[in-house]
Every structure is written in C-alpha cells, then in structure tokens.
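Below is one structure, written out as structure tokens; comments come after it.
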Amino acid sequence: MRIAHLIMIHKDPNQTIRLIKRLQHPNADFYIHVDAKSNIEDFKDVVFADQITFINNRINCNWGGNSLLIGIATALHEVTAQNKGYDFINLLSAQDYPLKSSEELHQYFSEHIGQNFVSYEAADSFWWKKAKRRYEKYHFTDFNFPGKYFVERMANKFLPTRKFPLPIELYGGCKSTWWTISEACAKYITEQLRNDDKLQNFIKYCWGTDEFILTTLIMNSPFATMTIGDNMRYINWSEGKAHPKLLDNTDFETMKNSQMLFARKFEMDASILDRIDTELLGYSTPG
C-alpha cells in the first residue's frame, strides 16, 4: 500500500518539516504545494529525502477564494500524472498533524483500499443554509481591480440569483476541504473539473469552493458508493468562527479519544505537538 501526502503550505517551514518527519514511511511520498505568494526558497530545507517533490504549477491561494480549490486541483493533477499507482492521496495543510504513528496510518489504510474518506453535511444542516450564498451570489475574492467590492455589490443587487450549472445534488461542509481518496477517484474528479468549462467559469465567482466542489463531484460519481462520510480528521469548530479553533493542550484528551487519524488546526505550539509525539505517536523524544 502506497500513499501520496499532498501538503498545501504558505508559512512556517519548520512546522512543515515536523509534519513530514512524523508521516515518513518507506511507502509514502510527499508533494508540497507552496502558495505562490510565499517565497519557495524559505521551504527548500524540507527537501531532506528523495520522497519529497515540490508542485511546479503554484497557485496564489486566497482565503475564501476559488483559487484554493484551483491550487488543490492543479496539484492533484500533477500528483496523478506521475502514474505511480498510489492507493491513496491524502490532502493536508501544514497545520495538520497525525494522531497515529506512520505505521498505524499505513496499516489502517491498507485495510481500506479502494475507499474514500470525505466529510460532508446534510442538505438541511446549518452550514448549508448559509452556504447557498457561496454560489447564488457573485464573489470577486480572487480578483484585484479598483472598485471590485462596489462592482460585486452592484452585480448582486441587479443580476438574478445564480444557479449551479450542473443538475446534481451538492455535497459539502466545514470539514470537506481535507480528505483521503483513491488515486482513481482523484483522477476522475480532476478530469471532470478540467474538462467542464461551464463549471470552471461558474466557480470563478463563488466563495469557498474548496468546501463543496470536489466533494460534490465525488458524491455524484461512481466512487460515491466507495466513500465513507468521514475524513478522519479531528477539527474543533466550537468557537463559532470562520476558522476552526487552534488546538492546544485543552483539546488533548478529546483528540486522544476521538479515534481520528489526523487533527487540525495547529500553530507551531511545541507543548501540544510534543505531547502528541510522546503520548500518541510513541516517540521517546519529541520534536
């Protein structure tokens, strides 16, 4: 069983190095997408093994913009183009961290070959009640021109409500960006997105597409029957903000008992990461 870890990063090279060290395994490769607005030279020190490759086609990923989805999809296409026969492609940010050792992770996935781990919320959920605005309204998040917010307001005032361009059920949620899927599934969704000009043009003006477009493509595909509705990430949204809680020692026991494989979101807080290392991952010396 071989896995490709695709890591989206934009800051803190040391945190990236630490994450990769914890995921290292003879049957694991790493593909790193450095946000185009970050200096890639700052991250070159992470190249400490033959199993690490930098994504060539870097995208400037704006928070909430469709650009993050494009960055993920572009990087995913580069990974699948390697044709290395990966059993899984695991999408992470540099602010994720494993809750299981690399051996435990590989053992778990070897028992679930052919399946996909993707989270999404029910259509009547609180998330979806607000999420419809993401595609029904015009959002110019990725555009940079004088007066763009005025133009955005005028477009939403005078133009009709936008309708999703495909006659399919939508799937998404606050945990949907990060997932683990088979290489066959990854190839399918990237080709679907790359070949559908109508969908590409529509999502340019959407907000937060990373949380529902790829999930929607998966759940309306032949791979839906092979998909588990859980991305196996511990994420704490209890603060009610636009981003999840930054995890610290107060979350440790809940993470420990969650049975999840990964957790997010961390800053470079040595105390909680050291505790995960020693109490969950089996390292005698943290860091």
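Just remember, in the structure tokens the first chain shown is A, the second B, etc., residues are 1-based per chain, and ligands are 1-based in the order shown.
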- Message: Quick check for you: according to DSSP on this backbone, which residues of range 70-249 of chain A are classed as strand (DSSP E or B)? Reply as a VMD selection string.
- Response: chain A and resid 88 to 93 96 to 98 116 to 117 180 to 181 227 to 228 233 to 234
- Got a sec: who's within 10 Å of His5 in chain A, counting only C-alpha atoms, leaving out chain neighbours fewer than 5 positions off, as number ranges by chain? A: 20, 23-24, 28-32, 52, 79, 88-93, 180
- Task: Using only C-alpha atoms, determine which residues lie at most 10 Å from range 136-144 of chain A, disregarding the query and same-chain residues fewer than 2 positions distant; provide the list as a ChimeraX atom specification.
- Result: /A:60-68,131-134,146-149,151-157,159-164,202-208
- Message: Give me the residues near range 192-195 of chain A as a list in words, where near means some atom within 12 Å (using only C-alpha atoms) and where sequence neighbours in that chain fewer than 2 positions away do not count.
- Response: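 Near neighbours after the sequence-gap exclusion: Leu69, Ile70, Ile72, Ala73, Thr74, Leu76, His77, Leu166, Cys185, Ala186, Lys187, Tyr188, Ile189, Thr190, Asp197, Lys198, Leu199, Gln200, Asn201, Phe202, Ile203, Ile213, Leu214, Thr215, Thr216, Leu217, Ile218, Asn220 and Ser221 of chain A.
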- Would you mind telling me which residue in A:Asp50, A:Glu183, A:Asp251, A:Asp269 lies nearest to Tyr234 in chain A when using only C-alpha atoms?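 Selected residue with least distance to Tyr234 in chain A: A:Asp251.
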- Task: Tell me which protein, DNA and RNA residues are within 12 Å of Tyr108 in chain A, counting only C-alpha atoms, leaving out same-chain ones fewer than 6 positions away, and put them as a list of chain:residue names.
- Result: A:Met1, A:Ile3, A:Phe88, A:Lys100, A:Ser101, A:Ser102, A:Gln115, A:Met232, A:Gln259, A:Met260, A:Leu261
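Our summary of the geometry notes that CA of Trp237 in chain A is positioned 25.6 Å from CA of Pro13 in chain A.
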- Would you give me, as a list in words, the residues in range 211-259 of chain A that DSSP reads as alpha helix (DSSP H)?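 Everything in range 211-259 of chain A that counts as alpha helix (DSSP H) is Ile213, Leu214, Thr215, Thr216, Leu217, Ile218, Met219, Phe252, Glu253, Thr254, Met255, Lys256 and Asn257 of chain A.
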- Between A:Gly287, A:Asn39, A:Gly71, A:Thr177, which has the minimum distance to Asp274 in chain A (counting only C-alpha atoms)?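 Between A:Gly287, A:Asn39, A:Gly71, A:Thr177, the residue approaching Asp274 in chain A most closely is A:Gly287.
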- Might you pull out every residue within 10 Å of range 228-231 of chain A, with only C-alpha atoms counted and same-chain residues fewer than 4 positions away left off, and present them as JSON, numbers by chain? {"A": [90, 115, 116, 117, 118, 119, 120, 121, 175, 176, 177, 178, 179, 180, 181, 219, 224, 260, 261, 262]}
Write the residues of the selection above to a file with N, CA and C atoms, as a compact mmCIF listing (two decimals), in the first residue's frame.
# COMPACT_ATOMS: atom_id res chain seq x y z
N ASN A 90 -3.60 11.74 0.12
CA ASN A 90 -4.04 12.31 1.39
C ASN A 90 -3.76 13.81 1.40
N GLN A 115 -11.42 2.66 -0.81
CA GLN A 115 -12.39 3.55 -0.20
C GLN A 115 -11.89 4.99 -0.17
N ASN A 116 -12.81 5.91 0.01
CA ASN A 116 -12.51 7.33 0.11
C ASN A 116 -13.04 7.86 1.43
N PHE A 117 -12.30 8.80 2.01
CA PHE A 117 -12.67 9.36 3.31
C PHE A 117 -12.94 10.86 3.11
N VAL A 118 -14.21 11.19 3.04
CA VAL A 118 -14.63 12.55 2.71
C VAL A 118 -15.78 12.94 3.64
N SER A 119 -15.71 14.11 4.24
CA SER A 119 -16.78 14.59 5.12
C SER A 119 -17.71 15.54 4.38
N TYR A 120 -18.99 15.47 4.70
CA TYR A 120 -19.96 16.41 4.16
C TYR A 120 -21.16 16.46 5.10
N GLU A 121 -21.94 17.52 4.98
CA GLU A 121 -23.08 17.73 5.87
C GLU A 121 -24.40 17.57 5.13
N LYS A 175 -15.80 20.66 7.04
CA LYS A 175 -14.67 19.73 7.10
C LYS A 175 -14.31 19.15 5.73
N SER A 176 -14.98 19.63 4.69
CA SER A 176 -14.89 18.94 3.40
C SER A 176 -13.64 19.22 2.59
N THR A 177 -12.88 20.25 2.94
CA THR A 177 -11.68 20.58 2.17
C THR A 177 -10.64 19.48 2.23
N TRP A 178 -10.49 18.85 3.38
CA TRP A 178 -9.38 17.92 3.61
C TRP A 178 -9.90 16.49 3.61
N TRP A 179 -9.22 15.62 2.85
CA TRP A 179 -9.74 14.28 2.65
C TRP A 179 -8.62 13.31 2.28
N THR A 180 -8.99 12.03 2.20
CA THR A 180 -8.10 10.97 1.72
C THR A 180 -8.89 10.16 0.71
N ILE A 181 -8.41 10.11 -0.54
CA ILE A 181 -9.15 9.43 -1.59
C ILE A 181 -8.22 8.54 -2.41
N MET A 219 -19.30 12.69 -4.83
CA MET A 219 -20.56 12.07 -4.40
C MET A 219 -21.58 11.96 -5.54
N ALA A 224 -18.99 7.26 -5.33
CA ALA A 224 -19.82 7.60 -4.17
C ALA A 224 -20.08 6.37 -3.30
N MET A 260 -9.72 9.53 15.58
CA MET A 260 -9.37 10.13 14.30
C MET A 260 -7.91 9.84 13.95
N LEU A 261 -7.58 9.97 12.67
CA LEU A 261 -6.22 9.73 12.20
C LEU A 261 -5.36 10.99 12.23
N PHE A 262 -6.00 12.14 12.02
CA PHE A 262 -5.30 13.42 11.97
C PHE A 262 -6.10 14.46 12.75
- Query: CA of Lys245 in chain A and CA of Ile17 in chain A, how far apart in Å?
  - Reply: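 One can read the CA of Ile17 in chain A to CA of Lys245 in chain A distance as 22.4 Å.
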- Mind giving me the straight-line distance from CA of Gln51 in chain A to CA of Leu273 in chain A in Å, one decimal?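 About the pair CA of Gln51 in chain A and CA of Leu273 in chain A: they are 23.5 Å apart.
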- In terms of only C-alpha atoms, the residue from A:Glu267, A:Asp45, A:Glu211, A:Asp277 at minimal distance from Trp128 in chain A is A:Glu211
- Query: From the set A:Thr209, A:Tyr97, A:Phe150, A:Ala263, which residue has the shortest atom-to-atom contact distance to Tyr171 in chain A, counting only C-alpha atoms?
  - Reply: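 Using only C-alpha atoms, Tyr171 in chain A sits closest to A:Thr209.
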